[in-house]
file coords_39.txt (compact mmCIF, C-alpha atoms and all ligand atoms)
# COMPACT_ATOMS: atom_id res chain seq x y z
CA MET A 1 -64.28 -123.15 -123.41
CA GLU A 2 -63.85 -119.48 -124.18
CA THR A 3 -61.71 -118.31 -127.11
CA GLN A 4 -60.05 -115.86 -124.76
CA GLN A 5 -58.69 -118.73 -122.70
CA VAL A 6 -57.58 -120.88 -125.66
CA ASN A 7 -55.64 -117.98 -127.19
CA ASN A 8 -53.64 -117.51 -124.05
CA SER A 9 -50.10 -118.92 -123.63
CA ALA A 10 -50.57 -119.53 -119.91
CA TYR A 11 -53.50 -121.84 -120.64
CA HIS A 12 -51.38 -124.12 -122.89
CA LEU A 13 -48.32 -124.02 -120.64
CA ASP A 14 -50.55 -125.11 -117.79
CA LEU A 15 -52.07 -128.03 -119.68
CA GLU A 16 -48.68 -129.38 -120.72
CA LYS A 17 -47.35 -129.03 -117.21
CA LYS A 18 -50.33 -130.77 -115.71
CA TYR A 19 -50.86 -133.61 -118.19
CA GLY A 20 -47.50 -134.11 -119.87
CA ALA A 21 -44.25 -135.85 -119.02
CA HIS A 22 -41.62 -133.32 -118.03
CA ASP A 23 -38.96 -134.62 -120.39
CA TYR A 24 -38.21 -131.20 -121.90
CA ASN A 25 -37.64 -127.72 -120.53
CA PRO A 26 -39.04 -125.58 -123.35
CA LEU A 27 -38.63 -121.86 -123.60
CA PRO A 28 -41.99 -120.45 -122.46
CA VAL A 29 -43.54 -119.57 -125.80
CA VAL A 30 -46.56 -121.31 -127.35
CA LEU A 31 -46.40 -121.42 -131.13
CA ALA A 32 -49.44 -121.67 -133.33
CA LYS A 33 -48.26 -120.94 -136.87
CA GLY A 34 -45.16 -120.98 -139.06
CA GLU A 35 -44.23 -119.70 -142.50
CA GLY A 36 -40.72 -119.67 -143.93
CA VAL A 37 -38.35 -118.20 -141.34
CA PHE A 38 -41.21 -116.97 -139.13
CA LEU A 39 -43.24 -118.36 -136.26
CA TRP A 40 -46.27 -116.86 -134.50
CA ASP A 41 -47.39 -117.54 -130.94
CA VAL A 42 -50.98 -117.95 -129.77
CA GLU A 43 -51.16 -114.25 -128.96
CA GLY A 44 -50.17 -113.44 -132.56
CA LYS A 45 -46.64 -112.22 -131.81
CA LYS A 46 -44.24 -112.88 -134.68
CA TYR A 47 -40.74 -114.34 -134.25
CA TYR A 48 -37.74 -115.26 -136.33
CA ASP A 49 -37.04 -118.97 -135.81
CA PHE A 50 -33.36 -119.44 -134.97
CA LEU A 51 -33.55 -123.12 -134.08
CA SER A 52 -35.45 -124.66 -137.03
CA ALA A 53 -36.55 -127.56 -134.82
CA TYR A 54 -32.92 -128.59 -134.36
CA SER A 55 -32.25 -128.18 -138.10
CA ALA A 56 -35.26 -130.19 -139.27
CA VAL A 57 -36.92 -127.19 -140.91
CA ASN A 58 -34.06 -126.25 -143.27
CA GLN A 59 -36.59 -125.65 -146.08
CA GLY A 60 -38.61 -123.21 -143.92
CA HIS A 61 -41.91 -123.69 -142.11
CA CYS A 62 -44.84 -125.02 -144.13
CA HIS A 63 -42.99 -124.90 -147.44
CA PRO A 64 -45.82 -124.70 -150.02
CA ARG A 65 -44.45 -127.43 -152.31
CA ILE A 66 -43.67 -129.83 -149.48
CA VAL A 67 -47.10 -129.23 -147.94
CA LYS A 68 -48.78 -129.75 -151.32
CA SER A 69 -47.07 -133.09 -151.85
CA LEU A 70 -48.06 -134.09 -148.32
CA LYS A 71 -51.70 -133.17 -148.97
CA ASP A 72 -51.86 -134.85 -152.37
CA GLN A 73 -50.28 -138.06 -151.14
CA ALA A 74 -52.35 -138.08 -147.94
CA GLU A 75 -55.49 -138.18 -150.09
CA THR A 76 -54.11 -141.02 -152.20
CA LEU A 77 -52.19 -143.55 -150.09
CA THR A 78 -50.46 -143.17 -146.72
CA LEU A 79 -49.34 -146.56 -145.45
CA THR A 80 -49.08 -150.05 -146.88
CA SER A 81 -46.37 -151.44 -144.61
CA ARG A 82 -43.48 -153.19 -146.30
CA ALA A 83 -45.52 -156.39 -146.51
CA PHE A 84 -46.41 -155.02 -149.95
CA HIS A 85 -44.69 -152.65 -152.36
CA ASN A 86 -45.88 -149.10 -152.91
CA ASN A 87 -45.50 -146.94 -156.01
CA ARG A 88 -43.60 -144.11 -154.27
CA LEU A 89 -40.71 -145.88 -152.53
CA GLY A 90 -38.65 -147.06 -155.49
CA GLU A 91 -38.54 -143.68 -157.21
CA TYR A 92 -37.59 -142.01 -153.92
CA MET A 93 -34.78 -144.53 -153.36
CA GLU A 94 -33.48 -143.98 -156.89
CA TYR A 95 -33.59 -140.20 -156.43
CA ALA A 96 -32.04 -140.10 -152.94
CA THR A 97 -29.22 -142.54 -153.68
CA ALA A 98 -28.20 -140.55 -156.77
CA TYR A 99 -28.56 -137.30 -154.80
CA PHE A 100 -26.14 -138.40 -152.08
CA GLY A 101 -23.96 -140.68 -154.18
CA PHE A 102 -24.64 -144.09 -152.62
CA GLU A 103 -25.98 -147.34 -154.07
CA SER A 104 -28.64 -148.24 -151.53
CA LEU A 105 -31.02 -146.72 -148.96
CA LEU A 106 -32.78 -148.18 -145.94
CA PRO A 107 -35.80 -146.08 -144.89
CA MET A 108 -36.72 -145.44 -141.26
CA ASN A 109 -38.63 -142.68 -139.43
CA THR A 110 -36.75 -140.97 -136.62
CA GLY A 111 -33.09 -140.05 -136.37
CA ALA A 112 -32.47 -142.44 -133.48
CA GLU A 113 -33.87 -145.29 -135.60
CA GLY A 114 -31.45 -144.31 -138.35
CA VAL A 115 -28.54 -144.53 -135.92
CA GLU A 116 -29.78 -147.88 -134.57
CA THR A 117 -30.05 -149.15 -138.13
CA ALA A 118 -26.49 -148.04 -138.93
CA ILE A 119 -25.22 -149.80 -135.79
CA LYS A 120 -26.96 -153.05 -136.79
CA ILE A 121 -25.68 -152.92 -140.38
CA THR A 122 -22.15 -152.18 -139.17
CA ARG A 123 -22.12 -154.97 -136.60
CA LYS A 124 -23.46 -157.50 -139.08
CA TRP A 125 -20.89 -156.37 -141.66
CA GLY A 126 -18.22 -156.86 -138.99
CA TYR A 127 -19.27 -160.46 -138.30
CA THR A 128 -20.13 -161.64 -141.79
CA ILE A 129 -17.62 -159.74 -143.94
CA LYS A 130 -14.76 -158.49 -141.77
CA GLY A 131 -14.71 -161.72 -139.78
CA VAL A 132 -14.93 -160.43 -136.22
CA PRO A 133 -15.87 -163.23 -133.76
CA GLU A 134 -19.57 -163.09 -132.92
CA ASP A 135 -20.60 -160.73 -130.11
CA GLN A 136 -17.12 -159.17 -129.99
CA ALA A 137 -17.71 -156.20 -132.29
CA GLN A 138 -16.81 -152.73 -131.00
CA ILE A 139 -17.85 -149.36 -132.41
CA ILE A 140 -15.81 -146.26 -131.60
CA VAL A 141 -17.81 -143.18 -130.56
CA CYS A 142 -16.80 -139.68 -129.42
CA ASP A 143 -17.09 -138.05 -126.01
CA ASN A 144 -20.01 -135.61 -125.78
CA ASN A 145 -21.78 -137.23 -128.72
CA PHE A 146 -25.50 -136.91 -129.35
CA HIS A 147 -27.05 -139.66 -131.46
CA GLY A 148 -30.56 -139.96 -130.00
CA ARG A 149 -32.49 -141.37 -127.06
CA THR A 150 -32.94 -145.13 -127.41
CA THR A 151 -31.54 -147.46 -124.75
CA THR A 152 -28.61 -148.54 -126.94
CA ILE A 153 -27.73 -145.00 -128.01
CA ILE A 154 -27.84 -143.52 -124.51
CA SER A 155 -25.57 -146.37 -123.39
CA PHE A 156 -22.68 -144.55 -125.09
CA SER A 157 -23.69 -141.01 -124.15
CA SER A 158 -21.36 -139.01 -121.89
CA ASP A 159 -24.24 -136.96 -120.52
CA ALA A 160 -25.30 -138.14 -117.07
CA GLY A 161 -28.87 -136.91 -117.44
CA SER A 162 -29.31 -138.87 -120.66
CA LYS A 163 -27.76 -142.04 -119.28
CA ASP A 164 -27.97 -142.45 -115.51
CA TYR A 165 -30.64 -144.78 -114.09
CA PHE A 166 -31.49 -146.08 -117.57
CA GLY A 167 -29.13 -149.07 -117.36
CA PRO A 168 -28.13 -151.80 -117.70
CA HIS A 169 -26.35 -150.24 -120.64
CA THR A 170 -25.58 -151.83 -123.99
CA GLY A 171 -21.93 -152.80 -124.47
CA GLY A 172 -19.77 -152.72 -127.56
CA PHE A 173 -18.80 -149.04 -127.68
CA LEU A 174 -15.41 -147.42 -127.05
CA HIS A 175 -14.96 -143.69 -126.41
CA ILE A 176 -12.35 -141.33 -127.77
CA PRO A 177 -12.17 -137.54 -127.36
CA TYR A 178 -13.77 -135.65 -130.28
CA ASN A 179 -11.39 -134.17 -132.83
CA ASP A 180 -8.51 -136.42 -131.73
CA LEU A 181 -7.02 -138.48 -134.57
CA ASP A 182 -4.17 -139.79 -132.38
CA ALA A 183 -6.69 -141.26 -129.95
CA LEU A 184 -8.62 -142.79 -132.85
CA GLU A 185 -5.51 -144.43 -134.25
CA ALA A 186 -4.42 -145.68 -130.83
CA VAL A 187 -7.73 -147.52 -130.36
CA LEU A 188 -7.68 -148.89 -133.91
CA GLN A 189 -4.15 -150.21 -133.38
CA THR A 190 -4.84 -152.04 -130.16
CA ASN A 191 -8.26 -153.56 -130.88
CA LYS A 192 -8.82 -156.00 -133.74
CA ASN A 193 -12.60 -156.16 -133.27
CA ILE A 194 -13.49 -152.64 -134.25
CA VAL A 195 -16.15 -152.52 -136.95
CA GLY A 196 -17.15 -148.84 -137.10
CA PHE A 197 -16.45 -145.26 -136.11
CA LEU A 198 -19.68 -143.33 -135.44
CA VAL A 199 -19.19 -139.58 -135.62
CA GLU A 200 -20.98 -136.25 -136.02
CA PRO A 201 -19.04 -134.04 -138.48
CA ILE A 202 -19.94 -131.14 -136.16
CA GLN A 203 -21.23 -131.90 -132.66
CA GLY A 204 -24.51 -129.97 -132.68
CA GLU A 205 -26.08 -130.78 -129.30
CA ALA A 206 -22.74 -130.56 -127.51
CA GLY A 207 -22.60 -126.88 -128.55
CA VAL A 208 -21.76 -126.82 -132.27
CA TYR A 209 -18.21 -128.10 -131.70
CA THR A 210 -16.58 -127.72 -135.08
CA PRO A 211 -13.52 -129.97 -135.47
CA ASP A 212 -10.23 -129.15 -137.17
CA GLU A 213 -10.32 -129.07 -140.96
CA ASN A 214 -8.49 -132.41 -141.23
CA PHE A 215 -10.40 -134.39 -138.57
CA ILE A 216 -13.04 -136.06 -140.74
CA ARG A 217 -10.62 -136.54 -143.64
CA GLY A 218 -8.06 -138.07 -141.27
CA ALA A 219 -10.72 -140.31 -139.74
CA ARG A 220 -11.68 -141.45 -143.25
CA ALA A 221 -8.08 -142.43 -143.98
CA LEU A 222 -7.70 -144.30 -140.69
CA CYS A 223 -11.01 -146.16 -141.15
CA SER A 224 -9.89 -147.29 -144.62
CA GLN A 225 -6.47 -148.32 -143.31
CA TYR A 226 -7.94 -150.45 -140.50
CA ASN A 227 -10.94 -151.78 -142.48
CA VAL A 228 -13.48 -150.04 -140.23
CA LEU A 229 -16.71 -148.43 -141.46
CA LEU A 230 -16.97 -144.65 -141.16
CA MET A 231 -20.52 -143.93 -139.97
CA ALA A 232 -21.45 -140.26 -140.40
CA ASP A 233 -24.39 -139.04 -138.32
CA GLU A 234 -25.51 -136.09 -140.48
CA ILE A 235 -28.99 -135.94 -138.97
CA GLN A 236 -28.38 -132.37 -137.80
CA THR A 237 -25.50 -131.26 -140.05
CA GLY A 238 -26.69 -132.70 -143.37
CA ILE A 239 -28.85 -131.45 -146.22
CA GLY A 240 -27.45 -127.97 -146.76
CA ARG A 241 -27.28 -126.82 -143.13
CA THR A 242 -23.52 -126.24 -142.99
CA GLY A 243 -23.17 -124.70 -146.44
CA SER A 244 -22.32 -128.06 -148.00
CA LEU A 245 -24.83 -130.73 -148.95
CA LEU A 246 -23.21 -132.82 -146.22
CA ALA A 247 -20.86 -131.51 -143.54
CA VAL A 248 -18.38 -134.27 -144.47
CA CYS A 249 -18.11 -132.64 -147.92
CA GLY A 250 -15.95 -129.93 -146.37
CA ASN A 251 -15.71 -127.04 -148.75
CA CYS A 252 -17.68 -128.49 -151.63
CA SER A 253 -20.87 -126.46 -152.05
CA CYS A 254 -22.47 -128.37 -154.91
CA GLU A 255 -26.15 -129.22 -154.75
CA GLY A 256 -26.56 -132.95 -154.82
CA HIS A 257 -23.96 -135.47 -155.84
CA CYS A 258 -21.19 -134.31 -158.13
CA GLU A 259 -17.71 -135.33 -159.17
CA ARG A 260 -16.14 -133.92 -156.07
CA GLN A 261 -12.52 -133.00 -155.70
CA GLU A 262 -10.53 -135.63 -153.88
CA ASP A 263 -8.93 -133.16 -151.48
CA THR A 264 -12.19 -131.79 -150.08
CA TYR A 265 -14.72 -134.59 -150.39
CA VAL A 266 -15.00 -137.26 -147.73
CA ARG A 267 -17.32 -140.17 -148.39
CA PRO A 268 -18.50 -142.04 -145.31
CA ASP A 269 -19.30 -145.75 -145.60
CA LEU A 270 -22.66 -145.19 -143.93
CA LEU A 271 -24.56 -141.92 -144.07
CA ILE A 272 -27.33 -141.36 -141.52
CA LEU A 273 -29.96 -138.71 -142.34
CA GLY A 274 -33.14 -137.51 -140.62
CA LYS A 275 -34.59 -134.16 -139.60
CA ALA A 276 -34.42 -131.99 -142.78
CA LEU A 277 -34.85 -135.06 -144.99
CA SER A 278 -38.56 -134.24 -144.77
CA GLY A 279 -38.20 -130.50 -144.20
CA GLY A 280 -39.65 -131.01 -140.74
CA THR A 281 -42.99 -132.05 -142.20
CA TYR A 282 -43.06 -135.73 -141.28
CA PRO A 283 -40.60 -138.05 -139.50
CA VAL A 284 -38.37 -139.53 -142.20
CA SER A 285 -34.85 -140.92 -141.70
CA ALA A 286 -32.54 -143.09 -143.75
CA VAL A 287 -29.25 -144.93 -143.84
CA LEU A 288 -27.38 -144.85 -147.13
CA CYS A 289 -24.42 -147.04 -148.08
CA ASP A 290 -23.23 -149.19 -150.95
CA THR A 291 -24.76 -152.55 -151.80
CA ALA A 292 -21.76 -154.55 -150.60
CA ILE A 293 -22.51 -153.30 -147.08
CA MET A 294 -26.31 -152.97 -147.25
CA ASP A 295 -26.75 -156.55 -148.47
CA VAL A 296 -25.76 -157.91 -145.06
CA ILE A 297 -29.40 -157.16 -144.17
CA GLN A 298 -31.71 -159.82 -145.53
CA PRO A 299 -35.54 -160.18 -145.28
CA GLY A 300 -36.77 -160.48 -141.73
CA GLN A 301 -33.61 -159.06 -140.17
CA HIS A 302 -34.65 -155.40 -139.84
CA GLY A 303 -37.66 -153.21 -140.51
CA SER A 304 -40.25 -150.68 -139.42
CA THR A 305 -44.00 -150.52 -140.03
CA PHE A 306 -43.87 -146.87 -141.05
CA GLY A 307 -40.38 -146.88 -142.64
CA GLY A 308 -40.61 -146.15 -146.37
CA ASN A 309 -44.32 -145.36 -146.25
CA PRO A 310 -45.65 -143.57 -149.34
CA LEU A 311 -46.57 -140.40 -147.45
CA GLY A 312 -43.15 -140.02 -145.82
CA VAL A 313 -41.09 -140.79 -148.91
CA THR A 314 -43.17 -138.46 -151.10
CA VAL A 315 -42.59 -135.63 -148.63
CA ALA A 316 -38.86 -136.46 -148.44
CA HIS A 317 -38.56 -136.60 -152.23
CA THR A 318 -40.03 -133.09 -152.53
CA ALA A 319 -38.01 -131.78 -149.57
CA LEU A 320 -34.77 -132.81 -151.30
CA THR A 321 -35.76 -131.16 -154.58
CA VAL A 322 -36.48 -127.92 -152.69
CA ILE A 323 -32.93 -127.84 -151.26
CA GLN A 324 -31.49 -128.20 -154.74
CA GLU A 325 -33.83 -125.97 -156.73
CA GLU A 326 -33.80 -123.09 -154.25
CA LYS A 327 -30.02 -123.33 -153.84
CA LEU A 328 -30.39 -123.44 -150.07
CA THR A 329 -26.94 -124.93 -149.54
CA GLN A 330 -25.24 -121.95 -151.23
CA ASN A 331 -27.51 -119.58 -149.31
CA ALA A 332 -26.48 -121.21 -146.02
CA ARG A 333 -22.84 -120.80 -146.95
CA VAL A 334 -23.09 -117.11 -147.87
CA LEU A 335 -25.34 -116.12 -144.96
CA GLY A 336 -23.26 -118.16 -142.50
CA GLU A 337 -20.14 -116.22 -143.41
CA LYS A 338 -21.99 -112.92 -142.97
CA PHE A 339 -23.41 -114.05 -139.63
CA ARG A 340 -20.06 -115.09 -138.17
CA ALA A 341 -18.38 -111.93 -139.48
CA ALA A 342 -21.04 -109.79 -137.77
CA MET A 343 -20.77 -111.76 -134.53
CA ASN A 344 -16.98 -111.60 -134.56
CA ALA A 345 -17.16 -107.83 -135.01
CA TYR A 346 -19.50 -107.69 -132.01
CA ILE A 347 -17.30 -110.00 -129.92
CA GLU A 348 -14.29 -107.69 -130.34
CA LYS A 349 -15.92 -105.17 -128.01
CA SER A 350 -18.00 -107.61 -125.96
CA SER A 351 -17.43 -108.95 -122.48
CA ILE A 352 -20.52 -111.22 -122.47
CA VAL A 353 -19.79 -113.26 -125.63
CA SER A 354 -16.44 -115.01 -125.87
CA LEU A 355 -16.68 -116.68 -129.28
CA VAL A 356 -18.79 -117.69 -132.27
CA ARG A 357 -18.23 -120.98 -134.08
CA GLY A 358 -19.92 -123.09 -136.72
CA LYS A 359 -20.31 -123.62 -140.43
CA GLY A 360 -22.95 -122.41 -142.83
CA LEU A 361 -26.09 -121.66 -140.80
CA LEU A 362 -25.22 -124.01 -137.92
CA ASN A 363 -23.58 -121.65 -135.45
CA ALA A 364 -23.31 -121.01 -131.73
CA ILE A 365 -22.07 -118.30 -129.46
CA VAL A 366 -20.36 -119.08 -126.18
CA ILE A 367 -21.46 -116.88 -123.30
CA ASN A 368 -18.72 -115.62 -121.06
CA ASP A 369 -20.11 -116.88 -117.74
CA ALA A 370 -19.96 -120.04 -115.60
CA PRO A 371 -21.28 -123.13 -117.47
CA ASP A 372 -23.96 -123.62 -114.81
CA SER A 373 -25.08 -119.98 -114.75
CA LYS A 374 -28.47 -118.98 -116.18
CA THR A 375 -27.12 -116.24 -118.44
CA ALA A 376 -27.70 -118.06 -121.77
CA TRP A 377 -31.26 -118.90 -120.70
CA GLU A 378 -31.88 -115.27 -119.68
CA ILE A 379 -30.53 -114.07 -123.02
CA CYS A 380 -32.85 -116.47 -124.86
CA LEU A 381 -35.84 -115.15 -122.89
CA ARG A 382 -34.86 -111.60 -123.86
CA LEU A 383 -34.34 -112.63 -127.50
CA ARG A 384 -37.86 -114.04 -127.40
CA ASP A 385 -39.20 -110.74 -126.08
CA ASN A 386 -37.32 -109.03 -128.92
CA GLY A 387 -38.84 -111.37 -131.55
CA LEU A 388 -36.26 -114.11 -132.10
CA LEU A 389 -36.38 -117.71 -130.85
CA ALA A 390 -33.20 -119.56 -129.91
CA LYS A 391 -32.37 -122.12 -127.25
CA PRO A 392 -29.35 -122.63 -125.01
CA THR A 393 -27.56 -125.92 -125.44
CA HIS A 394 -25.14 -127.63 -123.02
CA GLY A 395 -23.46 -125.12 -120.76
CA ASN A 396 -23.63 -121.46 -121.56
CA ILE A 397 -23.93 -121.85 -125.31
CA ILE A 398 -26.66 -120.52 -127.63
CA ARG A 399 -27.19 -122.26 -130.96
CA PHE A 400 -28.26 -120.11 -133.92
CA ALA A 401 -29.69 -122.16 -136.78
CA PRO A 402 -32.40 -120.38 -138.79
CA PRO A 403 -34.19 -122.00 -141.76
CA LEU A 404 -32.01 -121.89 -144.87
CA VAL A 405 -34.65 -119.93 -146.80
CA MET A 406 -33.65 -116.76 -144.94
CA THR A 407 -32.86 -113.71 -147.08
CA GLU A 408 -29.90 -111.42 -146.56
CA ALA A 409 -32.16 -108.56 -145.43
CA GLN A 410 -33.83 -110.84 -142.88
CA LEU A 411 -30.44 -111.98 -141.59
CA GLU A 412 -29.36 -108.36 -141.13
CA ASP A 413 -32.56 -107.71 -139.20
CA CYS A 414 -31.79 -110.75 -137.00
CA ILE A 415 -28.18 -109.73 -136.40
CA SER A 416 -29.45 -106.39 -135.18
CA ILE A 417 -31.97 -108.08 -132.82
CA ILE A 418 -29.25 -110.38 -131.47
CA THR A 419 -26.60 -107.70 -130.96
CA LYS A 420 -29.08 -105.27 -129.37
CA THR A 421 -30.23 -108.01 -127.00
CA LEU A 422 -26.68 -108.99 -126.08
CA GLN A 423 -25.91 -105.32 -125.46
CA GLU A 424 -28.50 -105.37 -122.68
CA PHE A 425 -26.37 -107.98 -120.87
CA GLU A 426 -22.96 -106.30 -121.20
C1 LIG B 501 -31.60 -135.05 -133.55
C2 LIG B 501 -30.43 -135.95 -133.69
C3 LIG B 501 -30.56 -137.35 -133.56
C4 LIG B 501 -31.84 -138.02 -133.16
O1 LIG B 501 -32.90 -137.77 -134.02
P1 LIG B 501 -34.41 -138.03 -133.49
O2 LIG B 501 -35.25 -137.80 -134.72
O3 LIG B 501 -34.68 -137.04 -132.41
O4 LIG B 501 -34.47 -139.43 -133.00
C5 LIG B 501 -29.42 -138.12 -133.78
N1 LIG B 501 -28.25 -137.56 -134.10
C6 LIG B 501 -28.10 -136.22 -134.22
C7 LIG B 501 -26.75 -135.67 -134.59
C8 LIG B 501 -29.17 -135.37 -134.01
O5 LIG B 501 -29.00 -134.05 -134.08
call {"tool": "encode", "arguments": {"input": "coords_39.txt", "output": "structure tokens"}}
result
Amino acid sequence: METQQVNNSAYHLDLEKKYGAHDYNPLPVVLAKGEGVFLWDVEGKKYYDFLSAYSAVNQGHCHPRIVKSLKDQAETLTLTSRAFHNNRLGEYMEYATAYFGFESLLPMNTGAEGVETAIKITRKWGYTIKGVPEDQAQIIVCDNNFHGRTTTIISFSSDAGSKDYFGPHTGGFLHIPYNDLDALEAVLQTNKNIVGFLVEPIQGEAGVYTPDENFIRGARALCSQYNVLLMADEIQTGIGRTGSLLAVCGNCSCEGHCERQEDTYVRPDLLILGKALSGGTYPVSAVLCDTAIMDVIQPGQHGSTFGGNPLGVTVAHTALTVIQEEKLTQNARVLGEKFRAAMNAYIEKSSIVSLVRGKGLLNAIVINDAPDSKTAWEICLRLRDNGLLAKPTHGNIIRFAPPLVMTEAQLEDCISIITKTLQEFE
């Protein structure tokens, strides 16, 4: 086949369309290379990445240290399965538990597997420790949640496309509106069989819905009061993205675990991580909690062939050190404030953008048009033409989440691309 043809976007778009499942609707751009905050398409055009693979690439594309640890470990040992021990897993577990301030870690691969694992641990804790009658356990979830794509997880989705025609659905989940502590308490009061509350500290997929300052803290207090496990899905919000190591940390911007102030720090009972845990280099997820909870899982009761493999955990170990050593959490905090300030200044004289919301470098703008209009999509196409890649999320919302390695000068450049592009739609 001719080089000419292989270097052409249309060629690749065509192949995917012809031979692939149509489970995504990607922006038409075919990427061939990444470095830091930049991506290049097959024609060689350079873009700022403003999605970071849904916040998996917090450390930037092809981070040299992460890639080096991947290469070194790939030449040494990649997979043993958990039938045997490997010499990478223990040190990673020690490092990651200290990093996030928990006693124990269960390693998995994808985010959805992390959520499934947290559900299993929580249910078993409910039966064997809380004393809920078997098969009666209920977990509270929020409307408009996104926790992944497995059959159990989509059973408690409120998105018809994610859920319809994939039944029969898994039971054991009760819905409350997001950011509604009264609704949470009402359910906790009336149902004795509740074992967990599964929540995203910011709802990323739903459109970066950022709850009131006291929502997570209030949920923590209610969960403690009713002896229910607080399960924080920080797959998208965690690991520096929101200007805190974890979004549940509120205003604490320390790197790694510290003696946090009681009034800002919220500690979930179960912490679910994925995405940036490996810097987008390899699928690595984890559930962290204390031993008293984790020990409900005994040999033979859960597992994964690839979970905890030496390649994945080596990459994750390095990816976590990069966040800390390069102070990416603080950078996300400072740049996030600049970004929202610039967008708010733009919005004052804009008729096309109605608001900006978010924390750190997880932000979104809401387009002032009907939720089913194509305006956000059209804006994203124009942003692409102008050298910046972002994707609309539910409704007329555009998420802006660049890698956390962005510099201030680069952010200013991006703000100018975004505002100039929006100007074309006023
Ligand atoms: C991406 C995501 C998941 C699912 O992770 P996968 O690796 O795609 O399975 C779960 N929860 C949240 C909040 C996410 O953003």
call {"tool": "residues_near_ligand", "arguments": {"input": "coords_39.txt", "ligand": "ligand LIG 501 (chain B)", "cutoff": "7 Å", "atoms": "all atoms listed in the file", "output": "MDAnalysis selection string"}}
result
chainID A and resid 54 110:113 115 146:149 200 203:205 233:236 274:275
call {"tool": "write_last_selection", "arguments": {"input": "coords_39.txt", "atoms": "C-alpha atoms", "output": "PDB file, in the frame of the given file"}}
result
ATOM      1  CA  TYR A  54     -32.920-128.590-134.360  1.00  0.00           C
ATOM      2  CA  THR A 110     -36.750-140.970-136.620  1.00  0.00           C
ATOM      3  CA  GLY A 111     -33.090-140.050-136.370  1.00  0.00           C
ATOM      4  CA  ALA A 112     -32.470-142.440-133.480  1.00  0.00           C
ATOM      5  CA  GLU A 113     -33.870-145.290-135.600  1.00  0.00           C
ATOM      6  CA  VAL A 115     -28.540-144.530-135.920  1.00  0.00           C
ATOM      7  CA  PHE A 146     -25.500-136.910-129.350  1.00  0.00           C
ATOM      8  CA  HIS A 147     -27.050-139.660-131.460  1.00  0.00           C
ATOM      9  CA  GLY A 148     -30.560-139.960-130.000  1.00  0.00           C
ATOM     10  CA  ARG A 149     -32.490-141.370-127.060  1.00  0.00           C
ATOM     11  CA  GLU A 200     -20.980-136.250-136.020  1.00  0.00           C
ATOM     12  CA  GLN A 203     -21.230-131.900-132.660  1.00  0.00           C
ATOM     13  CA  GLY A 204     -24.510-129.970-132.680  1.00  0.00           C
ATOM     14  CA  GLU A 205     -26.080-130.780-129.300  1.00  0.00           C
ATOM     15  CA  ASP A 233     -24.390-139.040-138.320  1.00  0.00           C
ATOM     16  CA  GLU A 234     -25.510-136.090-140.480  1.00  0.00           C
ATOM     17  CA  ILE A 235     -28.990-135.940-138.970  1.00  0.00           C
ATOM     18  CA  GLN A 236     -28.380-132.370-137.800  1.00  0.00           C
ATOM     19  CA  GLY A 274     -33.140-137.510-140.620  1.00  0.00           C
ATOM     20  CA  LYS A 275     -34.590-134.160-139.600  1.00  0.00           C
TER      21      LYS A 275
END
call {"tool": "closest_residue", "arguments": {"input": "coords_39.txt", "among": "A:Ala316, A:Lys46, A:Lys192, A:Thr305", "to": "Leu273 in chain A", "atoms": "all atoms listed in the file"}}
result
A:Ala316
call {"tool": "closest_residue", "arguments": {"input": "coords_39.txt", "among": "A:Pro177, A:Gly101, A:Gly172, A:Gly167", "to": "Gln136 in chain A", "atoms": "all atoms listed in the file"}}
result
A:Gly172
call {"tool": "residues_around", "arguments": {"input": "coords_39.txt", "residues": "range 84-96 of chain A", "least_positions_apart": "4", "cutoff": "10 Å", "atoms": "all atoms listed in the file", "output": "tab-separated table (two decimals) with C-alpha atoms, keeping the file's coordinate frame"}}
result
chain	number	residue	atom	x	y	z
A	73	GLN	CA	-50.28	-138.06	-151.14
A	77	LEU	CA	-52.19	-143.55	-150.09
A	78	THR	CA	-50.46	-143.17	-146.72
A	79	LEU	CA	-49.34	-146.56	-145.45
A	80	THR	CA	-49.08	-150.05	-146.88
A	100	PHE	CA	-26.14	-138.40	-152.08
A	101	GLY	CA	-23.96	-140.68	-154.18
A	102	PHE	CA	-24.64	-144.09	-152.62
A	103	GLU	CA	-25.98	-147.34	-154.07
A	104	SER	CA	-28.64	-148.24	-151.53
A	105	LEU	CA	-31.02	-146.72	-148.96
A	106	LEU	CA	-32.78	-148.18	-145.94
A	107	PRO	CA	-35.80	-146.08	-144.89
A	256	GLY	CA	-26.56	-132.95	-154.82
A	257	HIS	CA	-23.96	-135.47	-155.84
A	277	LEU	CA	-34.85	-135.06	-144.99
A	286	ALA	CA	-32.54	-143.09	-143.75
A	288	LEU	CA	-27.38	-144.85	-147.13
A	307	GLY	CA	-40.38	-146.88	-142.64
A	308	GLY	CA	-40.61	-146.15	-146.37
A	309	ASN	CA	-44.32	-145.36	-146.25
A	310	PRO	CA	-45.65	-143.57	-149.34
A	311	LEU	CA	-46.57	-140.40	-147.45
A	312	GLY	CA	-43.15	-140.02	-145.82
A	313	VAL	CA	-41.09	-140.79	-148.91
A	314	THR	CA	-43.17	-138.46	-151.10
A	315	VAL	CA	-42.59	-135.63	-148.63
A	316	ALA	CA	-38.86	-136.46	-148.44
A	317	HIS	CA	-38.56	-136.60	-152.23
A	318	THR	CA	-40.03	-133.09	-152.53
A	320	LEU	CA	-34.77	-132.81	-151.30
A	321	THR	CA	-35.76	-131.16	-154.58
call {"tool": "closest_residue", "arguments": {"input": "coords_39.txt", "among": "A:Leu411, A:Val322, A:Leu361, A:Ile367", "to": "Ile66 in chain A", "atoms": "only C-alpha atoms"}}
result
A:Val322
